[in-house]
>>> print(open('entry05.txt').read())   # compact mmCIF, N, CA and C atoms and all ligand atoms
# COMPACT_ATOMS: atom_id res chain seq x y z
N MET Y 9 -43.07 -1.25 -11.70
CA MET Y 9 -42.68 -0.51 -10.49
C MET Y 9 -42.12 -1.45 -9.44
N LYS Y 10 -42.84 -2.59 -9.29
CA LYS Y 10 -42.40 -3.54 -8.28
C LYS Y 10 -41.05 -4.17 -8.65
N ALA Y 11 -40.92 -4.47 -9.99
CA ALA Y 11 -39.69 -5.09 -10.45
C ALA Y 11 -38.49 -4.17 -10.24
N SER Y 12 -38.70 -2.90 -10.54
CA SER Y 12 -37.57 -1.98 -10.40
C SER Y 12 -37.18 -1.83 -8.94
N THR Y 13 -38.18 -1.89 -8.06
CA THR Y 13 -37.88 -1.82 -6.63
C THR Y 13 -37.05 -3.03 -6.21
N ALA Y 14 -37.41 -4.20 -6.78
CA ALA Y 14 -36.68 -5.42 -6.45
C ALA Y 14 -35.24 -5.33 -6.94
N ILE Y 15 -35.07 -4.79 -8.16
CA ILE Y 15 -33.71 -4.65 -8.72
C ILE Y 15 -32.89 -3.68 -7.87
N LEU Y 16 -33.55 -2.62 -7.46
CA LEU Y 16 -32.86 -1.65 -6.62
C LEU Y 16 -32.43 -2.31 -5.31
N GLY Y 17 -33.34 -3.13 -4.76
CA GLY Y 17 -33.02 -3.83 -3.52
C GLY Y 17 -31.86 -4.78 -3.70
N LEU Y 18 -31.84 -5.47 -4.84
CA LEU Y 18 -30.76 -6.41 -5.13
C LEU Y 18 -29.44 -5.68 -5.26
N ALA Y 19 -29.45 -4.56 -5.99
CA ALA Y 19 -28.24 -3.78 -6.17
C ALA Y 19 -27.71 -3.30 -4.83
N PHE Y 20 -28.62 -2.91 -3.97
CA PHE Y 20 -28.23 -2.44 -2.63
C PHE Y 20 -27.60 -3.58 -1.84
N ALA Y 21 -28.21 -4.77 -1.95
CA ALA Y 21 -27.69 -5.93 -1.23
C ALA Y 21 -26.29 -6.28 -1.74
N LEU Y 22 -26.12 -6.25 -3.06
CA LEU Y 22 -24.81 -6.57 -3.64
C LEU Y 22 -23.77 -5.55 -3.20
N ALA Y 23 -24.16 -4.28 -3.16
CA ALA Y 23 -23.24 -3.24 -2.75
C ALA Y 23 -22.82 -3.47 -1.30
N SER Y 24 -23.75 -3.91 -0.47
CA SER Y 24 -23.44 -4.18 0.93
C SER Y 24 -22.45 -5.32 1.05
N VAL Y 25 -22.65 -6.36 0.23
CA VAL Y 25 -21.74 -7.51 0.24
C VAL Y 25 -20.35 -7.07 -0.19
N ALA Y 26 -20.29 -6.27 -1.26
CA ALA Y 26 -19.00 -5.80 -1.78
C ALA Y 26 -18.28 -4.98 -0.72
N GLN Y 27 -19.05 -4.17 -0.01
CA GLN Y 27 -18.46 -3.33 1.03
C GLN Y 27 -17.90 -4.19 2.15
N ALA Y 28 -18.67 -5.23 2.54
CA ALA Y 28 -18.23 -6.13 3.60
C ALA Y 28 -16.96 -6.85 3.20
N ALA Y 29 -16.90 -7.27 1.92
CA ALA Y 29 -15.73 -8.00 1.43
C ALA Y 29 -14.50 -7.10 1.43
N SER Y 30 -14.68 -5.86 0.98
CA SER Y 30 -13.51 -4.98 0.88
C SER Y 30 -13.00 -4.59 2.26
N SER Y 31 -13.91 -4.54 3.25
CA SER Y 31 -13.46 -4.14 4.58
C SER Y 31 -12.65 -5.24 5.25
N THR Y 32 -12.78 -6.48 4.77
CA THR Y 32 -12.00 -7.56 5.36
C THR Y 32 -10.70 -7.81 4.60
N MET Y 33 -10.53 -7.14 3.46
CA MET Y 33 -9.36 -7.39 2.63
C MET Y 33 -8.00 -7.10 3.28
N PRO Y 34 -7.85 -6.01 4.02
CA PRO Y 34 -6.52 -5.71 4.56
C PRO Y 34 -5.95 -6.83 5.41
N ALA Y 35 -6.81 -7.63 6.05
CA ALA Y 35 -6.33 -8.69 6.91
C ALA Y 35 -5.76 -9.85 6.11
N THR Y 36 -6.21 -10.02 4.88
CA THR Y 36 -5.81 -11.19 4.12
C THR Y 36 -4.81 -10.88 3.00
N THR Y 37 -4.73 -9.63 2.60
CA THR Y 37 -3.78 -9.29 1.54
C THR Y 37 -2.77 -8.27 2.06
N PRO Y 38 -1.52 -8.37 1.62
CA PRO Y 38 -0.54 -7.40 2.08
C PRO Y 38 -0.84 -6.01 1.53
N PRO Y 39 -0.41 -4.98 2.25
CA PRO Y 39 -0.60 -3.62 1.72
C PRO Y 39 0.06 -3.53 0.35
N THR Y 40 -0.67 -3.05 -0.61
CA THR Y 40 -0.17 -3.02 -1.98
C THR Y 40 -0.18 -1.60 -2.53
N ILE Y 41 0.95 -1.22 -3.09
CA ILE Y 41 1.07 0.08 -3.73
C ILE Y 41 1.08 -0.17 -5.24
N VAL Y 42 0.09 0.38 -5.91
CA VAL Y 42 -0.02 0.18 -7.35
C VAL Y 42 0.70 1.31 -8.08
N ILE Y 43 1.47 0.92 -9.07
CA ILE Y 43 2.14 1.92 -9.92
C ILE Y 43 1.30 2.05 -11.19
N ASP Y 44 0.77 3.24 -11.38
CA ASP Y 44 -0.12 3.47 -12.52
C ASP Y 44 0.04 4.91 -12.99
N LYS Y 45 0.17 5.09 -14.28
CA LYS Y 45 0.31 6.43 -14.87
C LYS Y 45 1.43 7.23 -14.19
N PHE Y 46 2.57 6.57 -14.00
CA PHE Y 46 3.76 7.22 -13.44
C PHE Y 46 3.51 7.79 -12.04
N ALA Y 47 2.74 7.05 -11.24
CA ALA Y 47 2.52 7.48 -9.87
C ALA Y 47 2.34 6.26 -8.97
N PHE Y 48 2.73 6.42 -7.70
CA PHE Y 48 2.50 5.38 -6.70
C PHE Y 48 1.16 5.65 -6.03
N THR Y 49 0.30 4.63 -5.97
CA THR Y 49 -1.01 4.80 -5.35
C THR Y 49 -1.26 3.70 -4.33
N PRO Y 50 -1.40 3.98 -3.03
CA PRO Y 50 -1.29 5.33 -2.47
C PRO Y 50 0.18 5.76 -2.36
N GLY Y 51 0.40 7.04 -2.41
CA GLY Y 51 1.77 7.56 -2.34
C GLY Y 51 2.32 7.55 -0.92
N GLU Y 52 1.40 7.40 0.03
CA GLU Y 52 1.81 7.41 1.44
C GLU Y 52 1.00 6.35 2.16
N ILE Y 53 1.69 5.42 2.82
CA ILE Y 53 0.96 4.42 3.62
C ILE Y 53 1.62 4.27 4.97
N THR Y 54 0.85 3.75 5.92
CA THR Y 54 1.36 3.49 7.27
C THR Y 54 1.12 2.02 7.59
N VAL Y 55 2.18 1.34 8.02
CA VAL Y 55 2.07 -0.08 8.38
C VAL Y 55 2.77 -0.27 9.72
N VAL Y 56 2.61 -1.46 10.32
CA VAL Y 56 3.36 -1.75 11.53
C VAL Y 56 4.62 -2.52 11.16
N ALA Y 57 5.62 -2.44 12.02
CA ALA Y 57 6.89 -3.13 11.77
C ALA Y 57 6.63 -4.62 11.55
N GLY Y 58 7.36 -5.19 10.60
CA GLY Y 58 7.18 -6.60 10.28
C GLY Y 58 6.26 -6.83 9.09
N THR Y 59 5.66 -5.74 8.60
CA THR Y 59 4.74 -5.85 7.48
C THR Y 59 5.49 -5.92 6.15
N THR Y 60 5.03 -6.81 5.29
CA THR Y 60 5.57 -6.87 3.93
C THR Y 60 4.68 -6.02 3.03
N VAL Y 61 5.31 -5.08 2.35
CA VAL Y 61 4.58 -4.20 1.43
C VAL Y 61 4.87 -4.65 0.00
N VAL Y 62 3.85 -4.61 -0.82
CA VAL Y 62 3.97 -5.07 -2.21
C VAL Y 62 3.79 -3.89 -3.15
N TRP Y 63 4.66 -3.79 -4.13
CA TRP Y 63 4.48 -2.83 -5.22
C TRP Y 63 4.10 -3.62 -6.47
N LEU Y 64 3.15 -3.09 -7.21
CA LEU Y 64 2.65 -3.77 -8.40
C LEU Y 64 2.66 -2.78 -9.55
N ASN Y 65 3.36 -3.13 -10.63
CA ASN Y 65 3.45 -2.21 -11.76
C ASN Y 65 2.32 -2.45 -12.76
N HIS Y 66 1.40 -1.52 -12.82
CA HIS Y 66 0.30 -1.64 -13.79
C HIS Y 66 0.52 -0.79 -15.03
N ASP Y 67 1.69 -0.15 -15.09
CA ASP Y 67 2.00 0.67 -16.26
C ASP Y 67 2.57 -0.18 -17.39
N GLN Y 68 2.54 0.38 -18.58
CA GLN Y 68 3.17 -0.27 -19.73
C GLN Y 68 4.66 0.06 -19.80
N THR Y 69 5.12 0.80 -18.80
CA THR Y 69 6.51 1.27 -18.74
C THR Y 69 7.21 0.61 -17.56
N PRO Y 70 8.47 0.22 -17.70
CA PRO Y 70 9.18 -0.33 -16.53
C PRO Y 70 9.37 0.74 -15.45
N HIS Y 71 9.29 0.30 -14.20
CA HIS Y 71 9.56 1.17 -13.06
C HIS Y 71 10.42 0.38 -12.08
N ALA Y 72 11.12 1.11 -11.21
CA ALA Y 72 11.96 0.44 -10.21
C ALA Y 72 11.89 1.22 -8.90
N ILE Y 73 11.78 0.47 -7.80
CA ILE Y 73 11.67 1.09 -6.48
C ILE Y 73 13.06 1.28 -5.90
N ALA Y 74 13.33 2.45 -5.35
CA ALA Y 74 14.63 2.69 -4.72
C ALA Y 74 14.43 3.56 -3.49
N ALA Y 75 14.74 3.00 -2.31
CA ALA Y 75 14.64 3.77 -1.07
C ALA Y 75 15.70 4.87 -1.08
N ARG Y 76 15.31 6.04 -0.58
CA ARG Y 76 16.27 7.14 -0.54
C ARG Y 76 17.46 6.82 0.36
N ASP Y 77 17.20 6.00 1.40
CA ASP Y 77 18.32 5.64 2.30
C ASP Y 77 19.00 4.33 1.85
N HIS Y 78 18.66 3.86 0.67
CA HIS Y 78 19.24 2.65 0.07
C HIS Y 78 18.96 1.39 0.86
N SER Y 79 17.93 1.42 1.74
CA SER Y 79 17.64 0.22 2.54
C SER Y 79 16.93 -0.86 1.72
N PHE Y 80 16.36 -0.47 0.60
CA PHE Y 80 15.76 -1.48 -0.30
C PHE Y 80 15.71 -0.92 -1.71
N ALA Y 81 15.70 -1.84 -2.66
CA ALA Y 81 15.61 -1.44 -4.07
C ALA Y 81 15.14 -2.63 -4.88
N SER Y 82 14.38 -2.34 -5.90
CA SER Y 82 13.91 -3.42 -6.78
C SER Y 82 14.71 -3.38 -8.08
N LYS Y 83 14.58 -4.45 -8.84
CA LYS Y 83 15.05 -4.41 -10.22
C LYS Y 83 13.99 -3.66 -11.03
N ALA Y 84 14.27 -3.40 -12.28
CA ALA Y 84 13.26 -2.79 -13.14
C ALA Y 84 12.08 -3.75 -13.25
N MET Y 85 10.89 -3.22 -12.97
CA MET Y 85 9.69 -4.05 -12.99
C MET Y 85 8.93 -3.82 -14.29
N ASP Y 86 8.71 -4.90 -15.01
CA ASP Y 86 7.91 -4.79 -16.23
C ASP Y 86 6.43 -4.76 -15.85
N THR Y 87 5.58 -4.64 -16.85
CA THR Y 87 4.14 -4.60 -16.62
C THR Y 87 3.69 -5.82 -15.83
N ASP Y 88 2.95 -5.59 -14.76
CA ASP Y 88 2.39 -6.62 -13.87
C ASP Y 88 3.44 -7.33 -13.02
N ASP Y 89 4.68 -6.86 -13.04
CA ASP Y 89 5.68 -7.39 -12.11
C ASP Y 89 5.39 -6.84 -10.72
N ARG Y 90 5.85 -7.58 -9.72
CA ARG Y 90 5.67 -7.11 -8.35
C ARG Y 90 6.99 -7.15 -7.59
N PHE Y 91 7.07 -6.31 -6.59
CA PHE Y 91 8.24 -6.25 -5.73
C PHE Y 91 7.74 -6.22 -4.30
N GLU Y 92 8.39 -6.99 -3.44
CA GLU Y 92 7.99 -7.03 -2.04
C GLU Y 92 9.15 -6.61 -1.16
N HIS Y 93 8.82 -5.90 -0.10
CA HIS Y 93 9.85 -5.57 0.89
C HIS Y 93 9.22 -5.64 2.27
N ARG Y 94 9.91 -6.33 3.18
CA ARG Y 94 9.42 -6.43 4.56
C ARG Y 94 10.09 -5.33 5.38
N PHE Y 95 9.26 -4.52 6.01
CA PHE Y 95 9.77 -3.44 6.85
C PHE Y 95 9.90 -3.95 8.28
N ALA Y 96 11.12 -4.26 8.68
CA ALA Y 96 11.35 -4.87 9.99
C ALA Y 96 11.39 -3.85 11.11
N THR Y 97 11.82 -2.65 10.79
CA THR Y 97 11.99 -1.64 11.84
C THR Y 97 11.16 -0.40 11.56
N ALA Y 98 10.81 0.28 12.64
CA ALA Y 98 10.00 1.49 12.53
C ALA Y 98 10.79 2.63 11.90
N GLY Y 99 10.07 3.51 11.26
CA GLY Y 99 10.71 4.68 10.65
C GLY Y 99 9.90 5.16 9.46
N ASP Y 100 10.37 6.22 8.86
CA ASP Y 100 9.72 6.75 7.66
C ASP Y 100 10.65 6.48 6.48
N PHE Y 101 10.16 5.71 5.54
CA PHE Y 101 11.00 5.30 4.42
C PHE Y 101 10.47 5.92 3.13
N SER Y 102 11.14 6.95 2.68
CA SER Y 102 10.73 7.56 1.41
C SER Y 102 11.50 6.88 0.29
N TYR Y 103 10.88 6.81 -0.85
CA TYR Y 103 11.47 6.11 -1.98
C TYR Y 103 11.09 6.81 -3.27
N VAL Y 104 11.79 6.47 -4.31
CA VAL Y 104 11.51 7.03 -5.63
C VAL Y 104 11.50 5.89 -6.64
N CYS Y 105 11.08 6.20 -7.85
CA CYS Y 105 11.33 5.29 -8.95
C CYS Y 105 12.69 5.68 -9.50
N SER Y 106 13.63 4.74 -9.48
CA SER Y 106 14.99 5.10 -9.90
C SER Y 106 15.06 5.43 -11.39
N LEU Y 107 14.05 5.00 -12.15
CA LEU Y 107 14.02 5.32 -13.58
C LEU Y 107 13.34 6.66 -13.84
N HIS Y 108 12.45 7.05 -12.92
CA HIS Y 108 11.72 8.31 -13.04
C HIS Y 108 11.71 8.97 -11.66
N PRO Y 109 12.80 9.63 -11.29
CA PRO Y 109 12.95 10.13 -9.91
C PRO Y 109 11.87 11.12 -9.47
N PHE Y 110 11.07 11.61 -10.40
CA PHE Y 110 9.97 12.50 -10.00
C PHE Y 110 8.83 11.70 -9.37
N MET Y 111 8.86 10.38 -9.51
CA MET Y 111 7.86 9.53 -8.86
C MET Y 111 8.32 9.26 -7.44
N THR Y 112 7.54 9.72 -6.46
CA THR Y 112 7.95 9.55 -5.08
C THR Y 112 6.84 8.93 -4.23
N GLY Y 113 7.24 8.31 -3.14
CA GLY Y 113 6.28 7.74 -2.20
C GLY Y 113 6.95 7.60 -0.85
N ILE Y 114 6.15 7.31 0.16
CA ILE Y 114 6.71 7.12 1.50
C ILE Y 114 5.93 6.04 2.24
N VAL Y 115 6.67 5.24 3.00
CA VAL Y 115 6.06 4.21 3.85
C VAL Y 115 6.40 4.57 5.29
N HIS Y 116 5.38 4.81 6.08
CA HIS Y 116 5.57 5.06 7.51
C HIS Y 116 5.44 3.72 8.22
N VAL Y 117 6.45 3.34 8.97
CA VAL Y 117 6.43 2.08 9.69
C VAL Y 117 6.39 2.37 11.19
N ARG Y 118 5.33 1.88 11.83
CA ARG Y 118 5.15 2.11 13.26
C ARG Y 118 5.65 0.91 14.04
N PRO Y 119 6.08 1.12 15.28
CA PRO Y 119 6.48 -0.02 16.11
C PRO Y 119 5.30 -0.97 16.28
N THR Y 120 5.59 -2.25 16.53
CA THR Y 120 4.53 -3.25 16.59
C THR Y 120 3.59 -3.06 17.77
N SER Y 121 4.08 -2.55 18.89
CA SER Y 121 3.20 -2.34 20.04
C SER Y 121 3.45 -0.96 20.62
N PRO Y 122 2.43 -0.39 21.26
CA PRO Y 122 2.58 0.95 21.84
C PRO Y 122 3.72 1.03 22.84
N SER Y 123 3.98 -0.06 23.56
CA SER Y 123 5.04 -0.04 24.57
C SER Y 123 6.42 0.07 23.92
N ALA Y 124 6.50 -0.36 22.65
CA ALA Y 124 7.78 -0.29 21.95
C ALA Y 124 8.00 1.08 21.32
N ALA Y 125 6.95 1.89 21.33
CA ALA Y 125 7.06 3.22 20.71
C ALA Y 125 8.03 4.10 21.49
N GLN Y 126 8.71 4.91 20.75
CA GLN Y 126 9.66 5.80 21.40
C GLN Y 126 8.91 7.05 21.83
N ARG Y 127 8.30 6.95 23.02
CA ARG Y 127 7.49 8.06 23.51
C ARG Y 127 8.28 8.91 24.48
N PRO Y 128 8.13 10.20 24.35
CA PRO Y 128 8.73 11.05 25.37
C PRO Y 128 8.13 10.70 26.72
N ARG Y 129 8.99 10.62 27.76
CA ARG Y 129 8.51 10.14 29.06
C ARG Y 129 7.47 11.04 29.69
N HIS Y 130 7.53 12.34 29.42
CA HIS Y 130 6.58 13.23 30.10
C HIS Y 130 5.15 13.01 29.58
N LEU Y 131 4.99 12.23 28.53
CA LEU Y 131 3.63 11.91 28.06
C LEU Y 131 3.08 10.67 28.76
N LYS Y 132 3.69 10.23 29.83
CA LYS Y 132 3.41 9.04 30.64
C LYS Y 132 3.23 7.76 29.84
CU CU Y 201 9.22 4.76 -13.06
>>> encode(input="entry05.txt", output="structure tokens")
Amino acid sequence: MKASTAILGLAFALASVAQAASSTMPATTPPTIVIDKFAFTPGEITVVAGTTVVWLNHDQTPHAIAARDHSFASKAMDTDDRFEHRFATAGDFSYVCSLHPFMTGIVHVRPTSPSAAQRPRHLK
């Protein structure tokens, strides 16, 4: 009984450590969109201007990123290939896989500071 309680306590402690580690990850790793089973995960992300976003192909099939507005595009990515794009300006950038156009995703890019946001003036 005592041993199982100890194991339970250890598992809880490890889970807490894992949670703490994952919560600090966004600061050290770029936002990453994983391509898996013919889908972008997450399919929708929000970043601030100047952020480099990474796509990582975990499928056994080649995929290629293509912005609908042609502002960026990757070559065909083989398994475990990655593609990076730095979003310098704010906006909504939807993209598809040019090899499988039914695969879609969107990157929302926000201005770097609230003062740079295009706010209607009546909202002070
Ligand atoms: Cu594809």
>>> atom_distance(input="entry05.txt", atom1="atom CA of Asn65 of chain Y", atom2="atom CA of Arg118 of chain Y")
25.4 Å
>>> residues_near_point(input="entry05.txt", point="(3.9, 3.7, -1.5)", cutoff="6 Å", atoms="all atoms listed in the file", output="number ranges by chain")
Y: 41, 48-53, 113-115
>>> residues_near_ligand(input="entry05.txt", ligand="ligand CU 201 (chain Y)", cutoff="9 Å", atoms="only C-alpha atoms and all ligand atoms", output="list in words")
Ile43, Phe46, Ala47, Asp67, Thr69, Pro70, His71, Ala72, Ile73, Ala84, Met85, Val104, Cys105, Ser106, Leu107, His108, Pro109, Phe110 and Met111 of chain Y
>>> write_last_selection(input="entry05.txt", atoms="N, CA and C atoms", output="CSV table (one decimal), keeping the file's coordinate frame")
chain,number,residue,atom,x,y,z
Y,43,ILE,N,1.5,0.9,-9.1
Y,43,ILE,CA,2.1,1.9,-9.9
Y,43,ILE,C,1.3,2.0,-11.2
Y,46,PHE,N,2.6,6.6,-14.0
Y,46,PHE,CA,3.8,7.2,-13.4
Y,46,PHE,C,3.5,7.8,-12.0
Y,47,ALA,N,2.7,7.0,-11.2
Y,47,ALA,CA,2.5,7.5,-9.9
Y,47,ALA,C,2.3,6.3,-9.0
Y,67,ASP,N,1.7,-0.2,-15.1
Y,67,ASP,CA,2.0,0.7,-16.3
Y,67,ASP,C,2.6,-0.2,-17.4
Y,69,THR,N,5.1,0.8,-18.8
Y,69,THR,CA,6.5,1.3,-18.7
Y,69,THR,C,7.2,0.6,-17.6
Y,70,PRO,N,8.5,0.2,-17.7
Y,70,PRO,CA,9.2,-0.3,-16.5
Y,70,PRO,C,9.4,0.7,-15.4
Y,71,HIS,N,9.3,0.3,-14.2
Y,71,HIS,CA,9.6,1.2,-13.1
Y,71,HIS,C,10.4,0.4,-12.1
Y,72,ALA,N,11.1,1.1,-11.2
Y,72,ALA,CA,12.0,0.4,-10.2
Y,72,ALA,C,11.9,1.2,-8.9
Y,73,ILE,N,11.8,0.5,-7.8
Y,73,ILE,CA,11.7,1.1,-6.5
Y,73,ILE,C,13.1,1.3,-5.9
Y,84,ALA,N,14.3,-3.4,-12.3
Y,84,ALA,CA,13.3,-2.8,-13.1
Y,84,ALA,C,12.1,-3.8,-13.2
Y,85,MET,N,10.9,-3.2,-13.0
Y,85,MET,CA,9.7,-4.0,-13.0
Y,85,MET,C,8.9,-3.8,-14.3
Y,104,VAL,N,11.8,6.5,-4.3
Y,104,VAL,CA,11.5,7.0,-5.6
Y,104,VAL,C,11.5,5.9,-6.6
Y,105,CYS,N,11.1,6.2,-7.8
Y,105,CYS,CA,11.3,5.3,-9.0
Y,105,CYS,C,12.7,5.7,-9.5
Y,106,SER,N,13.6,4.7,-9.5
Y,106,SER,CA,15.0,5.1,-9.9
Y,106,SER,C,15.1,5.4,-11.4
Y,107,LEU,N,14.0,5.0,-12.2
Y,107,LEU,CA,14.0,5.3,-13.6
Y,107,LEU,C,13.3,6.7,-13.8
Y,108,HIS,N,12.4,7.0,-12.9
Y,108,HIS,CA,11.7,8.3,-13.0
Y,108,HIS,C,11.7,9.0,-11.7
Y,109,PRO,N,12.8,9.6,-11.3
Y,109,PRO,CA,13.0,10.1,-9.9
Y,109,PRO,C,11.9,11.1,-9.5
Y,110,PHE,N,11.1,11.6,-10.4
Y,110,PHE,CA,10.0,12.5,-10.0
Y,110,PHE,C,8.8,11.7,-9.4
Y,111,MET,N,8.9,10.4,-9.5
Y,111,MET,CA,7.9,9.5,-8.9
Y,111,MET,C,8.3,9.3,-7.4
>>> atom_distance(input="entry05.txt", atom1="atom C of Val42 of chain Y", atom2="atom CA of Ser121 of chain Y")
28.5 Å
>>> closest_residue(input="entry05.txt", among="Y:Arg90, Y:Ser102, Y:Thr40, Y:His116", to="Ala75 of chain Y", atoms="only C-alpha atoms")
Y:Ser102
>>> atom_distance(input="entry05.txt", atom1="atom CA of Phe80 of chain Y", atom2="atom CA of Pro38 of chain Y")
17.5 Å
>>> closest_residue(input="entry05.txt", among="Y:Ala98, Y:Ser79, Y:Thr54, Y:Trp63", to="Pro119 of chain Y", atoms="only N, CA and C atoms")
Y:Ala98
>>> closest_residue(input="entry05.txt", among="Y:Ser82, Y:Thr97, Y:Gln68, Y:Thr87", to="Val55 of chain Y", atoms="only C-alpha atoms")
Y:Thr97
>>> select_by_dssp(input="entry05.txt", residues="segment 31-95 of chain Y", states="strand (DSSP E or B)", output="VMD selection string")
chain Y and resid 40 to 44 47 to 49 52 to 56 59 to 65 71 73 to 75 81 85 90 to 95
>>> decode(input="entry05.txt", residues="segment 45-63 of chain Y", atoms="N, CA and C atoms", output="PDB file, in the first residue's frame")
ATOM      1  N   LYS Y  45      -0.848  12.630 -41.493  1.00  0.00           N
ATOM      2  CA  LYS Y  45      -2.088  12.053 -42.030  1.00  0.00           C
ATOM      3  C   LYS Y  45      -2.845  13.049 -42.904  1.00  0.00           C
ATOM      4  N   PHE Y  46      -2.100  13.712 -43.793  1.00  0.00           N
ATOM      5  CA  PHE Y  46      -2.696  14.635 -44.766  1.00  0.00           C
ATOM      6  C   PHE Y  46      -3.440  15.791 -44.093  1.00  0.00           C
ATOM      7  N   ALA Y  47      -2.879  16.279 -42.984  1.00  0.00           N
ATOM      8  CA  ALA Y  47      -3.485  17.431 -42.325  1.00  0.00           C
ATOM      9  C   ALA Y  47      -2.404  18.270 -41.664  1.00  0.00           C
ATOM     10  N   PHE Y  48      -2.670  19.579 -41.568  1.00  0.00           N
ATOM     11  CA  PHE Y  48      -1.781  20.482 -40.837  1.00  0.00           C
ATOM     12  C   PHE Y  48      -2.261  20.569 -39.394  1.00  0.00           C
ATOM     13  N   THR Y  49      -1.347  20.354 -38.446  1.00  0.00           N
ATOM     14  CA  THR Y  49      -1.715  20.416 -37.032  1.00  0.00           C
ATOM     15  C   THR Y  49      -0.766  21.332 -36.279  1.00  0.00           C
ATOM     16  N   PRO Y  50      -1.212  22.459 -35.695  1.00  0.00           N
ATOM     17  CA  PRO Y  50      -2.600  22.925 -35.775  1.00  0.00           C
ATOM     18  C   PRO Y  50      -2.895  23.557 -37.136  1.00  0.00           C
ATOM     19  N   GLY Y  51      -4.124  23.508 -37.535  1.00  0.00           N
ATOM     20  CA  GLY Y  51      -4.519  24.062 -38.834  1.00  0.00           C
ATOM     21  C   GLY Y  51      -4.618  25.578 -38.807  1.00  0.00           C
ATOM     22  N   GLU Y  52      -4.671  26.117 -37.589  1.00  0.00           N
ATOM     23  CA  GLU Y  52      -4.799  27.562 -37.437  1.00  0.00           C
ATOM     24  C   GLU Y  52      -3.918  27.994 -36.280  1.00  0.00           C
ATOM     25  N   ILE Y  53      -3.004  28.933 -36.540  1.00  0.00           N
ATOM     26  CA  ILE Y  53      -2.183  29.449 -35.438  1.00  0.00           C
ATOM     27  C   ILE Y  53      -2.122  30.963 -35.517  1.00  0.00           C
ATOM     28  N   THR Y  54      -1.800  31.574 -34.384  1.00  0.00           N
ATOM     29  CA  THR Y  54      -1.646  33.025 -34.313  1.00  0.00           C
ATOM     30  C   THR Y  54      -0.254  33.336 -33.777  1.00  0.00           C
ATOM     31  N   VAL Y  55       0.471  34.184 -34.490  1.00  0.00           N
ATOM     32  CA  VAL Y  55       1.821  34.570 -34.071  1.00  0.00           C
ATOM     33  C   VAL Y  55       1.928  36.091 -34.182  1.00  0.00           C
ATOM     34  N   VAL Y  56       3.015  36.660 -33.654  1.00  0.00           N
ATOM     35  CA  VAL Y  56       3.240  38.088 -33.842  1.00  0.00           C
ATOM     36  C   VAL Y  56       4.167  38.283 -35.034  1.00  0.00           C
ATOM     37  N   ALA Y  57       4.089  39.454 -35.643  1.00  0.00           N
ATOM     38  CA  ALA Y  57       4.926  39.758 -36.803  1.00  0.00           C
ATOM     39  C   ALA Y  57       6.394  39.561 -36.453  1.00  0.00           C
ATOM     40  N   GLY Y  58       7.137  39.006 -37.392  1.00  0.00           N
ATOM     41  CA  GLY Y  58       8.552  38.738 -37.160  1.00  0.00           C
ATOM     42  C   GLY Y  58       8.824  37.311 -36.730  1.00  0.00           C
ATOM     43  N   THR Y  59       7.744  36.549 -36.512  1.00  0.00           N
ATOM     44  CA  THR Y  59       7.896  35.169 -36.066  1.00  0.00           C
ATOM     45  C   THR Y  59       8.195  34.249 -37.246  1.00  0.00           C
ATOM     46  N   THR Y  60       9.128  33.336 -37.026  1.00  0.00           N
ATOM     47  CA  THR Y  60       9.395  32.292 -38.016  1.00  0.00           C
ATOM     48  C   THR Y  60       8.570  31.066 -37.659  1.00  0.00           C
ATOM     49  N   VAL Y  61       7.783  30.615 -38.612  1.00  0.00           N
ATOM     50  CA  VAL Y  61       6.945  29.431 -38.404  1.00  0.00           C
ATOM     51  C   VAL Y  61       7.586  28.259 -39.147  1.00  0.00           C
ATOM     52  N   VAL Y  62       7.547  27.105 -38.519  1.00  0.00           N
ATOM     53  CA  VAL Y  62       8.169  25.910 -39.093  1.00  0.00           C
ATOM     54  C   VAL Y  62       7.094  24.889 -39.432  1.00  0.00           C
ATOM     55  N   TRP Y  63       7.199  24.313 -40.615  1.00  0.00           N
ATOM     56  CA  TRP Y  63       6.356  23.179 -40.987  1.00  0.00           C
ATOM     57  C   TRP Y  63       7.244  21.936 -41.000  1.00  0.00           C
TER      58      TRP Y  63
END
